[in-house]
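*Asks:* Data: data-v4.csv, CSV, N, CA, C and O atoms.
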```csv
chain,number,residue,atom,x,y,z
A,2,MET,N,103.8,60.1,-35.1
A,2,MET,CA,104.2,60.6,-33.8
A,2,MET,C,105.7,60.2,-33.6
A,2,MET,O,106.6,61.0,-33.7
A,3,ALA,N,105.9,59.0,-33.3
A,3,ALA,CA,107.2,58.5,-32.9
A,3,ALA,C,108.1,58.2,-34.2
A,3,ALA,O,107.5,57.6,-35.1
A,4,THR,N,109.3,58.5,-34.1
A,4,THR,CA,110.2,58.2,-35.2
A,4,THR,C,111.1,57.1,-34.6
A,4,THR,O,111.7,57.2,-33.5
A,5,LYS,N,111.2,56.0,-35.3
A,5,LYS,CA,112.0,54.9,-34.8
A,5,LYS,C,113.5,55.2,-35.2
A,5,LYS,O,113.8,55.5,-36.3
A,6,LYS,N,114.3,55.2,-34.1
A,6,LYS,CA,115.7,55.5,-34.3
A,6,LYS,C,116.5,54.5,-33.5
A,6,LYS,O,116.1,54.1,-32.4
A,7,GLN,N,117.7,54.2,-34.0
A,7,GLN,CA,118.6,53.4,-33.3
A,7,GLN,C,119.6,54.4,-32.6
A,7,GLN,O,119.8,55.5,-33.1
A,8,PHE,N,120.0,54.1,-31.4
A,8,PHE,CA,120.9,55.0,-30.7
A,8,PHE,C,122.0,54.2,-30.1
A,8,PHE,O,121.9,53.1,-29.7
A,9,GLY,N,123.2,54.9,-30.0
A,9,GLY,CA,124.4,54.2,-29.4
A,9,GLY,C,124.3,54.1,-27.9
A,9,GLY,O,124.6,53.1,-27.3
A,10,SER,N,123.8,55.2,-27.3
A,10,SER,CA,123.8,55.2,-25.9
A,10,SER,C,122.5,55.9,-25.4
A,10,SER,O,122.3,57.1,-25.8
A,11,PHE,N,121.7,55.3,-24.6
A,11,PHE,CA,120.5,55.9,-24.1
A,11,PHE,C,120.8,57.1,-23.3
A,11,PHE,O,120.2,58.1,-23.4
A,12,GLN,N,121.9,57.0,-22.5
A,12,GLN,CA,122.3,58.2,-21.7
A,12,GLN,C,122.6,59.4,-22.5
A,12,GLN,O,122.3,60.5,-22.2
A,13,ASP,N,123.3,59.2,-23.7
A,13,ASP,CA,123.6,60.3,-24.6
A,13,ASP,C,122.3,60.9,-25.1
A,13,ASP,O,122.2,62.1,-25.2
A,14,LEU,N,121.4,60.0,-25.5
A,14,LEU,CA,120.1,60.4,-26.0
A,14,LEU,C,119.4,61.4,-25.1
A,14,LEU,O,119.0,62.5,-25.4
A,15,VAL,N,119.3,61.0,-23.8
A,15,VAL,CA,118.6,61.8,-22.8
A,15,VAL,C,119.4,63.0,-22.3
A,15,VAL,O,118.8,64.1,-22.0
A,16,ALA,N,120.7,62.9,-22.3
A,16,ALA,CA,121.5,63.9,-21.8
A,16,ALA,C,121.7,65.1,-22.8
A,16,ALA,O,121.9,66.2,-22.4
A,17,GLN,N,121.7,64.7,-24.1
A,17,GLN,CA,122.1,65.7,-25.1
A,17,GLN,C,120.8,66.5,-25.6
A,17,GLN,O,121.0,67.4,-26.4
A,18,SER,N,119.7,66.1,-25.2
A,18,SER,CA,118.4,66.7,-25.7
A,18,SER,C,118.2,68.1,-25.0
A,18,SER,O,118.4,68.3,-23.8
A,19,GLU,N,117.9,69.1,-25.9
A,19,GLU,CA,117.6,70.4,-25.3
A,19,GLU,C,116.3,70.4,-24.6
A,19,GLU,O,116.1,71.2,-23.7
A,20,LEU,N,115.3,69.6,-25.1
A,20,LEU,CA,114.0,69.5,-24.4
A,20,LEU,C,114.0,68.3,-23.5
A,20,LEU,O,114.7,67.3,-23.7
A,21,PRO,N,113.1,68.3,-22.5
A,21,PRO,CA,112.9,67.1,-21.7
A,21,PRO,C,112.4,66.0,-22.6
A,21,PRO,O,111.8,66.2,-23.6
A,22,ILE,N,112.8,64.8,-22.2
A,22,ILE,CA,112.4,63.6,-23.0
A,22,ILE,C,111.5,62.7,-22.1
A,22,ILE,O,111.9,62.3,-21.0
A,23,LEU,N,110.3,62.5,-22.6
A,23,LEU,CA,109.4,61.5,-22.0
A,23,LEU,C,109.6,60.2,-22.6
A,23,LEU,O,109.3,60.0,-23.8
A,24,VAL,N,110.1,59.2,-21.8
A,24,VAL,CA,110.3,57.9,-22.3
A,24,VAL,C,109.1,57.0,-21.9
A,24,VAL,O,108.8,56.9,-20.8
A,25,ASP,N,108.6,56.4,-22.9
A,25,ASP,CA,107.5,55.4,-22.8
A,25,ASP,C,108.1,54.0,-22.8
A,25,ASP,O,108.4,53.5,-23.9
A,26,PHE,N,108.2,53.4,-21.6
A,26,PHE,CA,108.7,52.0,-21.6
A,26,PHE,C,107.4,51.1,-21.7
A,26,PHE,O,106.5,51.2,-20.9
A,27,TYR,N,107.4,50.3,-22.8
A,27,TYR,CA,106.2,49.6,-23.2
A,27,TYR,C,106.6,48.2,-23.7
A,27,TYR,O,107.8,47.9,-23.9
A,28,ALA,N,105.6,47.4,-23.9
A,28,ALA,CA,105.8,46.1,-24.6
A,28,ALA,C,104.7,45.9,-25.6
A,28,ALA,O,103.5,46.4,-25.3
A,29,PRO,N,104.9,45.3,-26.8
A,29,PRO,CA,103.8,45.2,-27.8
A,29,PRO,C,102.6,44.4,-27.4
A,29,PRO,O,101.5,44.7,-27.8
A,30,TRP,N,102.8,43.5,-26.4
A,30,TRP,CA,101.6,42.7,-26.0
A,30,TRP,C,100.8,43.3,-24.9
A,30,TRP,O,99.8,42.8,-24.4
A,31,CYS,N,101.3,44.5,-24.4
A,31,CYS,CA,100.6,45.2,-23.2
A,31,CYS,C,99.4,46.0,-23.7
A,31,CYS,O,99.6,47.0,-24.4
A,32,GLY,N,98.2,45.6,-23.2
A,32,GLY,CA,97.0,46.3,-23.6
A,32,GLY,C,97.0,47.8,-23.1
A,32,GLY,O,96.7,48.7,-23.9
A,33,PRO,N,97.3,48.1,-21.9
A,33,PRO,CA,97.3,49.5,-21.4
A,33,PRO,C,98.4,50.3,-22.2
A,33,PRO,O,98.2,51.5,-22.4
A,34,CYS,N,99.5,49.6,-22.6
A,34,CYS,CA,100.5,50.3,-23.4
A,34,CYS,C,99.9,50.8,-24.8
A,34,CYS,O,100.2,51.9,-25.2
A,35,GLN,N,99.1,49.9,-25.4
A,35,GLN,CA,98.5,50.2,-26.6
A,35,GLN,C,97.5,51.4,-26.5
A,35,GLN,O,97.4,52.3,-27.3
A,36,MET,N,96.8,51.4,-25.3
A,36,MET,CA,95.8,52.5,-25.1
A,36,MET,C,96.6,53.8,-24.9
A,36,MET,O,96.1,54.8,-25.4
A,37,MET,N,97.7,53.7,-24.2
A,37,MET,CA,98.5,55.0,-24.0
A,37,MET,C,99.1,55.5,-25.3
A,37,MET,O,99.4,56.7,-25.4
A,38,ALA,N,99.3,54.7,-26.3
A,38,ALA,CA,99.9,55.1,-27.6
A,38,ALA,C,99.1,56.3,-28.2
A,38,ALA,O,99.7,57.3,-28.6
A,39,GLY,N,97.8,56.1,-28.2
A,39,GLY,CA,97.0,57.2,-28.7
A,39,GLY,C,97.1,58.5,-27.9
A,39,GLY,O,97.1,59.6,-28.4
A,40,ILE,N,97.1,58.3,-26.6
A,40,ILE,CA,97.2,59.5,-25.7
A,40,ILE,C,98.5,60.1,-25.9
A,40,ILE,O,98.6,61.4,-25.9
A,41,LEU,N,99.6,59.4,-26.0
A,41,LEU,CA,100.9,59.9,-26.2
A,41,LEU,C,101.0,60.7,-27.6
A,41,LEU,O,101.7,61.7,-27.7
A,42,GLU,N,100.3,60.2,-28.6
A,42,GLU,CA,100.3,60.9,-29.9
A,42,GLU,C,99.6,62.3,-29.7
A,42,GLU,O,100.1,63.3,-30.2
A,43,GLN,N,98.6,62.4,-28.9
A,43,GLN,CA,97.9,63.6,-28.6
A,43,GLN,C,98.8,64.6,-27.8
A,43,GLN,O,98.9,65.7,-28.1
A,44,VAL,N,99.5,64.0,-26.8
A,44,VAL,CA,100.4,64.8,-26.0
A,44,VAL,C,101.5,65.3,-26.9
A,44,VAL,O,101.9,66.5,-26.8
A,45,ASN,N,102.0,64.5,-27.8
A,45,ASN,CA,103.1,64.9,-28.7
A,45,ASN,C,102.6,66.1,-29.6
A,45,ASN,O,103.4,67.1,-29.7
A,46,SER,N,101.4,66.0,-30.1
A,46,SER,CA,101.0,67.1,-31.0
A,46,SER,C,100.7,68.4,-30.2
A,46,SER,O,100.9,69.5,-30.7
A,47,GLN,N,100.3,68.3,-28.9
A,47,GLN,CA,100.0,69.4,-28.1
A,47,GLN,C,101.1,70.0,-27.4
A,47,GLN,O,101.1,71.2,-27.0
A,48,MET,N,102.2,69.2,-27.1
A,48,MET,CA,103.3,69.7,-26.3
A,48,MET,C,104.7,69.5,-27.0
A,48,MET,O,105.7,69.5,-26.3
A,49,LYS,N,104.7,69.5,-28.3
A,49,LYS,CA,105.9,69.2,-29.0
A,49,LYS,C,107.0,70.3,-28.9
A,49,LYS,O,108.1,70.1,-29.1
A,50,GLN,N,106.5,71.5,-28.5
A,50,GLN,CA,107.5,72.6,-28.2
A,50,GLN,C,108.1,72.4,-26.8
A,50,GLN,O,109.1,73.1,-26.5
A,51,GLN,N,107.5,71.6,-25.9
A,51,GLN,CA,108.0,71.5,-24.6
A,51,GLN,C,108.7,70.2,-24.3
A,51,GLN,O,109.5,70.2,-23.3
A,52,LEU,N,108.5,69.2,-25.0
A,52,LEU,CA,109.2,67.9,-24.8
A,52,LEU,C,109.2,67.0,-26.0
A,52,LEU,O,108.5,67.3,-26.9
A,53,ARG,N,110.0,66.0,-25.9
A,53,ARG,CA,110.1,65.0,-27.0
A,53,ARG,C,109.6,63.6,-26.3
A,53,ARG,O,109.8,63.4,-25.1
A,54,ILE,N,109.0,62.8,-27.1
A,54,ILE,CA,108.6,61.5,-26.7
A,54,ILE,C,109.4,60.4,-27.4
A,54,ILE,O,109.5,60.4,-28.6
A,55,VAL,N,109.9,59.5,-26.6
A,55,VAL,CA,110.7,58.3,-27.1
A,55,VAL,C,110.0,57.1,-26.5
A,55,VAL,O,109.7,57.0,-25.3
A,56,LYS,N,109.8,56.1,-27.4
A,56,LYS,CA,109.2,54.8,-27.0
A,56,LYS,C,110.4,53.8,-26.9
A,56,LYS,O,111.1,53.7,-27.9
A,57,ILE,N,110.4,53.1,-25.8
A,57,ILE,CA,111.4,52.0,-25.6
A,57,ILE,C,110.7,50.7,-25.4
A,57,ILE,O,110.0,50.5,-24.4
A,58,ASN,N,110.8,49.8,-26.3
A,58,ASN,CA,110.3,48.4,-26.2
A,58,ASN,C,111.1,47.7,-25.2
A,58,ASN,O,112.3,47.4,-25.5
A,59,THR,N,110.5,47.3,-24.0
A,59,THR,CA,111.3,46.7,-23.0
A,59,THR,C,111.8,45.3,-23.4
A,59,THR,O,112.7,44.8,-22.8
A,60,GLU,N,111.1,44.7,-24.4
A,60,GLU,CA,111.6,43.4,-24.9
A,60,GLU,C,112.9,43.5,-25.7
A,60,GLU,O,113.7,42.6,-25.7
A,61,ASN,N,113.0,44.6,-26.4
A,61,ASN,CA,114.2,44.9,-27.2
A,61,ASN,C,115.4,45.4,-26.3
A,61,ASN,O,116.5,45.3,-26.7
A,62,TYR,N,115.1,46.1,-25.2
A,62,TYR,CA,116.1,46.8,-24.4
A,62,TYR,C,115.9,46.4,-22.9
A,62,TYR,O,115.6,47.2,-22.1
A,63,PRO,N,116.0,45.1,-22.6
A,63,PRO,CA,115.7,44.7,-21.2
A,63,PRO,C,116.7,45.3,-20.2
A,63,PRO,O,116.4,45.5,-19.1
A,64,GLN,N,117.9,45.6,-20.7
A,64,GLN,CA,118.9,46.2,-19.8
A,64,GLN,C,118.5,47.6,-19.4
A,64,GLN,O,118.7,48.0,-18.2
A,65,LEU,N,117.8,48.3,-20.2
A,65,LEU,CA,117.3,49.7,-19.8
A,65,LEU,C,116.2,49.5,-18.9
A,65,LEU,O,116.1,50.3,-17.9
A,66,ALA,N,115.3,48.6,-19.1
A,66,ALA,CA,114.2,48.3,-18.2
A,66,ALA,C,114.7,47.9,-16.8
A,66,ALA,O,114.2,48.4,-15.8
A,67,SER,N,115.7,47.1,-16.8
A,67,SER,CA,116.3,46.8,-15.5
A,67,SER,C,117.0,47.9,-14.8
A,67,SER,O,116.8,48.2,-13.6
A,68,GLN,N,117.8,48.7,-15.6
A,68,GLN,CA,118.5,49.8,-15.1
A,68,GLN,C,117.5,50.9,-14.4
A,68,GLN,O,117.8,51.4,-13.4
A,69,TYR,N,116.4,51.1,-15.0
A,69,TYR,CA,115.4,52.1,-14.5
A,69,TYR,C,114.3,51.4,-13.7
A,69,TYR,O,113.3,52.1,-13.4
A,70,GLN,N,114.5,50.2,-13.3
A,70,GLN,CA,113.6,49.4,-12.5
A,70,GLN,C,112.2,49.5,-12.9
A,70,GLN,O,111.2,49.8,-12.2
A,71,ILE,N,112.0,49.2,-14.2
A,71,ILE,CA,110.6,49.1,-14.8
A,71,ILE,C,110.0,47.8,-14.4
A,71,ILE,O,110.4,46.7,-14.8
A,72,LYS,N,109.0,47.9,-13.5
A,72,LYS,CA,108.3,46.8,-12.9
A,72,LYS,C,106.9,46.6,-13.5
A,72,LYS,O,106.3,45.6,-13.5
A,73,ALA,N,106.3,47.8,-14.0
A,73,ALA,CA,104.9,47.8,-14.5
A,73,ALA,C,104.9,48.4,-15.9
A,73,ALA,O,105.8,49.3,-16.1
A,74,LEU,N,104.0,48.0,-16.7
A,74,LEU,CA,103.9,48.6,-18.0
A,74,LEU,C,102.5,49.2,-18.2
A,74,LEU,O,101.6,48.6,-17.7
A,75,PRO,N,102.4,50.3,-18.8
A,75,PRO,CA,103.4,51.2,-19.3
A,75,PRO,C,104.0,51.9,-18.1
A,75,PRO,O,103.3,52.2,-17.1
A,76,THR,N,105.3,52.3,-18.2
A,76,THR,CA,105.9,53.2,-17.3
A,76,THR,C,106.5,54.4,-18.1
A,76,THR,O,107.2,54.2,-19.1
A,77,LEU,N,106.1,55.6,-17.7
A,77,LEU,CA,106.6,56.8,-18.4
A,77,LEU,C,107.6,57.5,-17.5
A,77,LEU,O,107.4,57.6,-16.3
A,78,VAL,N,108.8,57.8,-18.0
A,78,VAL,CA,109.8,58.5,-17.2
A,78,VAL,C,110.2,59.8,-18.0
A,78,VAL,O,110.6,59.7,-19.1
A,79,LEU,N,110.1,60.9,-17.3
A,79,LEU,CA,110.5,62.2,-17.9
A,79,LEU,C,111.9,62.5,-17.5
A,79,LEU,O,112.2,62.5,-16.3
A,80,PHE,N,112.8,62.6,-18.5
A,80,PHE,CA,114.2,62.9,-18.2
A,80,PHE,C,114.4,64.4,-18.5
A,80,PHE,O,114.0,64.9,-19.6
A,81,LYS,N,115.1,65.1,-17.6
A,81,LYS,CA,115.5,66.5,-17.8
A,81,LYS,C,117.0,66.5,-17.5
A,81,LYS,O,117.5,66.0,-16.5
A,82,ALA,N,117.8,67.0,-18.4
A,82,ALA,CA,119.2,67.1,-18.4
A,82,ALA,C,119.8,65.7,-18.0
A,82,ALA,O,120.7,65.6,-17.2
A,83,GLY,N,119.2,64.7,-18.6
A,83,GLY,CA,119.8,63.3,-18.5
A,83,GLY,C,119.4,62.6,-17.2
A,83,GLY,O,119.7,61.4,-17.0
A,84,GLU,N,118.6,63.2,-16.4
A,84,GLU,CA,118.2,62.6,-15.1
A,84,GLU,C,116.7,62.4,-15.0
A,84,GLU,O,115.9,63.3,-15.5
A,85,PRO,N,116.2,61.3,-14.4
A,85,PRO,CA,114.7,61.2,-14.3
A,85,PRO,C,114.2,62.2,-13.4
A,85,PRO,O,114.7,62.5,-12.3
A,86,ALA,N,113.1,62.9,-13.8
A,86,ALA,CA,112.5,64.0,-13.0
A,86,ALA,C,111.1,63.6,-12.6
A,86,ALA,O,110.5,64.2,-11.7
A,87,LEU,N,110.5,62.7,-13.3
A,87,LEU,CA,109.1,62.3,-13.1
A,87,LEU,C,108.9,60.8,-13.5
A,87,LEU,O,109.4,60.5,-14.6
A,88,ARG,N,108.2,60.0,-12.8
A,88,ARG,CA,107.9,58.6,-13.1
A,88,ARG,C,106.4,58.4,-12.9
A,88,ARG,O,105.8,58.7,-11.9
A,89,ILE,N,105.8,57.8,-14.0
A,89,ILE,CA,104.4,57.5,-14.0
A,89,ILE,C,104.2,56.1,-14.4
A,89,ILE,O,104.7,55.7,-15.4
A,90,GLU,N,103.6,55.3,-13.5
A,90,GLU,CA,103.3,53.9,-13.8
A,90,GLU,C,101.8,53.7,-14.1
A,90,GLU,O,101.0,54.2,-13.4
A,91,GLY,N,101.5,53.0,-15.2
A,91,GLY,CA,100.1,52.7,-15.5
A,91,GLY,C,99.6,53.7,-16.5
A,91,GLY,O,100.2,54.7,-16.8
A,92,ALA,N,98.4,53.5,-16.9
A,92,ALA,CA,97.7,54.3,-17.9
A,92,ALA,C,97.0,55.5,-17.2
A,92,ALA,O,96.6,55.4,-16.1
A,93,LEU,N,97.1,56.7,-17.9
A,93,LEU,CA,96.4,57.9,-17.4
A,93,LEU,C,95.6,58.5,-18.6
A,93,LEU,O,95.9,58.2,-19.7
A,94,SER,N,94.6,59.3,-18.2
A,94,SER,CA,93.9,60.0,-19.2
A,94,SER,C,94.8,61.1,-19.8
A,94,SER,O,95.8,61.5,-19.2
A,95,LEU,N,94.4,61.6,-20.9
A,95,LEU,CA,95.2,62.7,-21.6
A,95,LEU,C,95.3,63.9,-20.6
A,95,LEU,O,96.4,64.5,-20.4
A,96,GLU,N,94.2,64.3,-20.0
A,96,GLU,CA,94.2,65.5,-19.1
A,96,GLU,C,95.1,65.3,-17.9
A,96,GLU,O,95.9,66.2,-17.6
A,97,LYS,N,95.1,64.1,-17.3
A,97,LYS,CA,95.9,63.9,-16.1
A,97,LYS,C,97.4,63.9,-16.5
A,97,LYS,O,98.2,64.4,-15.8
A,98,LEU,N,97.7,63.2,-17.6
A,98,LEU,CA,99.1,63.1,-18.1
A,98,LEU,C,99.6,64.5,-18.4
A,98,LEU,O,100.7,64.9,-18.0
A,99,LYS,N,98.8,65.3,-19.1
A,99,LYS,CA,99.3,66.7,-19.4
A,99,LYS,C,99.5,67.5,-18.2
A,99,LYS,O,100.5,68.3,-18.1
A,100,LEU,N,98.6,67.4,-17.2
A,100,LEU,CA,98.8,68.2,-15.9
A,100,LEU,C,100.2,67.8,-15.3
A,100,LEU,O,100.9,68.7,-14.8
A,101,LYS,N,100.4,66.5,-15.2
A,101,LYS,CA,101.7,66.1,-14.6
A,101,LYS,C,102.9,66.6,-15.3
A,101,LYS,O,103.9,67.0,-14.8
A,102,LEU,N,102.8,66.5,-16.6
A,102,LEU,CA,103.9,66.9,-17.5
A,102,LEU,C,104.2,68.4,-17.4
A,102,LEU,O,105.3,68.9,-17.3
A,103,GLN,N,103.1,69.2,-17.5
A,103,GLN,CA,103.2,70.6,-17.4
A,103,GLN,C,103.8,71.1,-16.1
A,103,GLN,O,104.5,72.1,-16.1
A,104,ALA,N,103.6,70.4,-15.1
A,104,ALA,CA,104.3,70.8,-13.8
A,104,ALA,C,105.8,70.5,-13.8
A,104,ALA,O,106.5,71.1,-12.9
A,105,HIS,N,106.3,69.7,-14.7
A,105,HIS,CA,107.7,69.4,-14.8
A,105,HIS,C,108.4,69.9,-16.0
A,105,HIS,O,109.6,69.6,-16.2
A,106,THR,N,107.7,70.6,-16.9
A,106,THR,CA,108.4,71.1,-18.2
A,106,THR,C,108.5,72.6,-18.2
A,106,THR,O,108.0,73.3,-17.4
```
As structure tokens, how would this structure be written, given the file I've shared?

*Replies:*
Amino acid sequence: MATKKQFGSFQDLVAQSELPILVDFYAPWCGPCQMMAGILEQVNSQMKQQLRIVKINTENYPQLASQYQIKALPTLVLFKAGEPALRIEGALSLEKLKLKLQAHT
């Protein structure tokens, strides 16, 4: 599902994407984050024409977590044209997540 990439600027990553980007702010020790990983793989396979999924480990990028005020894990933020368009905190079922995303893509 996810391809690990290094990037120079997070803002460039989200601003230059033709598709909306769903950012999964997570931590490796977070149980609900691990549960969401499988759901995000399913979302990726079912909605890959409508959005991209990027995973950000908040332990590796604490400045991004602070900038986007990530207080709970997992937090999903959908970026459209470089700006946050939707924010989801906590774990959701596949169906609920897809409904929320489809309303914004």

*Asks:* Restricting the calculation to only C-alpha atoms: of A:Leu23, A:Leu14, A:Ala28, A:Leu77, which residue gets closest to Val55 of chain A?

*Replies:*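 So, comparing all the options, the nearest one is A:Leu23.
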
*Asks:* Between A:Ala73, A:Leu41, A:Leu87, A:Val24, which one has atoms that come closest to Ile57 of chain A, using all atoms listed in the file?

*Replies:* A:Val24

*Asks:* From the options A:Gln47, A:Thr59, A:Gln17, A:Thr106, which residue's atoms come nearest to Ala86 of chain A, counting only C-alpha atoms?

*Replies:* A:Thr106

*Asks:* Quick one, how far is atom CA of Phe80 of chain A from atom O of Lys101 of chain A?

*Replies:* 11.6 Å

*Asks:* Please, which residues of chain A, numbered as in this document, come out helix (DSSP H, G or I) from DSSP, as a VMD selection string?

*Replies:* chain A and resid 11 to 16 32 to 48 63 to 68 95 to 103

*Asks:* Can you tell me how far atom N of Arg88 of chain A sits from atom CA of Tyr62 of chain A, in Å to one decimal?

*Replies:*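 Atom CA of Tyr62 of chain A lies at a distance of 19.3 Å from atom N of Arg88 of chain A.
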
*Asks:* Go ahead and compute the interatomic distance for atom C of Arg53 of chain A and atom C of Ile71 of chain A, in Å to one decimal.

*Replies:*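 Interatomic distance, atom C of Arg53 of chain A to atom C of Ile71 of chain A: 19.8 Å.
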
*Asks:* Just the residues within 9 Å of Ser94 of chain A, please, counting only C-alpha atoms, with nothing from its chain fewer than 4 positions along; format it as a PyMOL selection string.

*Replies:* chain A and resi 37+40+98-99

*Asks:* Counting all atoms listed in the file, which of A:Lys97, A:Ser46, A:Gly83, A:Gln35 gets nearest to Asp13 of chain A?

*Replies:*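 Checking each candidate against Asp13 of chain A, we get A:Gly83 as the closest.
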
*Asks:* Here is a test: counting only N, CA, C and O atoms, which residue of A:Ile54, A:Leu65, A:Ala82, A:Ala38 is nearest to Ala16 of chain A?

*Replies:*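 Checking each of A:Ile54, A:Leu65, A:Ala82, A:Ala38 against Ala16 of chain A, counting only N, CA, C and O atoms, the winner is A:Ala82.
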
*Asks:* From the list A:Lys56, A:Lys81, A:Lys72, A:Lys49, which residue is nearest Ser18 of chain A when using only N, CA, C and O atoms?

*Replies:*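 Ranked by minimum distance to Ser18 of chain A, first place goes to A:Lys81.
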
*Asks:* Using the atoms already present, construct all heavy atoms for segment 58-65 of chain A and hand them back as an mmCIF file, in the coordinates of the input.

*Replies:*
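Output contents, as saved in selection09.cif:
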```
data_model
loop_
_atom_site.group_PDB
_atom_site.id
_atom_site.type_symbol
_atom_site.label_atom_id
_atom_site.label_comp_id
_atom_site.auth_asym_id
_atom_site.auth_seq_id
_atom_site.Cartn_x
_atom_site.Cartn_y
_atom_site.Cartn_z
ATOM 1 N N ASN A 58 110.800 49.800 -26.300
ATOM 2 C CA ASN A 58 110.300 48.400 -26.200
ATOM 3 C C ASN A 58 111.100 47.700 -25.200
ATOM 4 O O ASN A 58 112.300 47.400 -25.500
ATOM 5 C CB ASN A 58 110.224 47.749 -27.549
ATOM 6 C CG ASN A 58 109.596 46.375 -27.512
ATOM 7 O OD1 ASN A 58 109.522 45.726 -26.466
ATOM 8 N ND2 ASN A 58 109.156 45.920 -28.662
ATOM 9 N N THR A 59 110.500 47.300 -24.000
ATOM 10 C CA THR A 59 111.300 46.700 -23.000
ATOM 11 C C THR A 59 111.800 45.300 -23.400
ATOM 12 O O THR A 59 112.700 44.800 -22.800
ATOM 13 C CB THR A 59 110.509 46.603 -21.678
ATOM 14 O OG1 THR A 59 109.280 45.916 -21.931
ATOM 15 C CG2 THR A 59 110.229 47.990 -21.132
ATOM 16 N N GLU A 60 111.100 44.700 -24.400
ATOM 17 C CA GLU A 60 111.600 43.400 -24.900
ATOM 18 C C GLU A 60 112.900 43.500 -25.700
ATOM 19 O O GLU A 60 113.700 42.600 -25.700
ATOM 20 C CB GLU A 60 110.507 42.676 -25.638
ATOM 21 C CG GLU A 60 109.354 42.275 -24.746
ATOM 22 C CD GLU A 60 108.292 41.477 -25.472
ATOM 23 O OE1 GLU A 60 108.269 41.456 -26.717
ATOM 24 O OE2 GLU A 60 107.483 40.861 -24.764
ATOM 25 N N ASN A 61 113.000 44.600 -26.400
ATOM 26 C CA ASN A 61 114.200 44.900 -27.200
ATOM 27 C C ASN A 61 115.400 45.400 -26.300
ATOM 28 O O ASN A 61 116.500 45.300 -26.700
ATOM 29 C CB ASN A 61 113.943 45.832 -28.335
ATOM 30 C CG ASN A 61 113.029 45.218 -29.376
ATOM 31 O OD1 ASN A 61 112.835 44.011 -29.409
ATOM 32 N ND2 ASN A 61 112.445 46.055 -30.206
ATOM 33 N N TYR A 62 115.100 46.100 -25.200
ATOM 34 C CA TYR A 62 116.100 46.800 -24.400
ATOM 35 C C TYR A 62 115.900 46.400 -22.900
ATOM 36 O O TYR A 62 115.600 47.200 -22.100
ATOM 37 C CB TYR A 62 115.993 48.291 -24.562
ATOM 38 C CG TYR A 62 116.327 48.749 -25.964
ATOM 39 C CD1 TYR A 62 115.322 49.021 -26.888
ATOM 40 C CD2 TYR A 62 117.651 48.892 -26.368
ATOM 41 C CE1 TYR A 62 115.627 49.419 -28.180
ATOM 42 C CE2 TYR A 62 117.969 49.305 -27.654
ATOM 43 C CZ TYR A 62 116.950 49.559 -28.556
ATOM 44 O OH TYR A 62 117.258 49.958 -29.827
ATOM 45 N N PRO A 63 116.000 45.100 -22.600
ATOM 46 C CA PRO A 63 115.700 44.700 -21.200
ATOM 47 C C PRO A 63 116.700 45.300 -20.200
ATOM 48 O O PRO A 63 116.400 45.500 -19.100
ATOM 49 C CB PRO A 63 115.865 43.145 -21.303
ATOM 50 C CG PRO A 63 116.673 42.873 -22.515
ATOM 51 C CD PRO A 63 116.339 43.978 -23.483
ATOM 52 N N GLN A 64 117.900 45.600 -20.700
ATOM 53 C CA GLN A 64 118.900 46.200 -19.800
ATOM 54 C C GLN A 64 118.500 47.600 -19.400
ATOM 55 O O GLN A 64 118.700 48.000 -18.200
ATOM 56 C CB GLN A 64 120.316 46.214 -20.467
ATOM 57 C CG GLN A 64 120.500 47.202 -21.600
ATOM 58 C CD GLN A 64 119.909 46.796 -22.943
ATOM 59 O OE1 GLN A 64 119.246 45.772 -23.074
ATOM 60 N NE2 GLN A 64 120.120 47.616 -23.965
ATOM 61 N N LEU A 65 117.800 48.300 -20.200
ATOM 62 C CA LEU A 65 117.300 49.700 -19.800
ATOM 63 C C LEU A 65 116.200 49.500 -18.900
ATOM 64 O O LEU A 65 116.100 50.300 -17.900
ATOM 65 C CB LEU A 65 116.863 50.457 -21.056
ATOM 66 C CG LEU A 65 117.947 51.097 -21.891
ATOM 67 C CD1 LEU A 65 117.347 51.767 -23.115
ATOM 68 C CD2 LEU A 65 118.743 52.090 -21.077
#
```
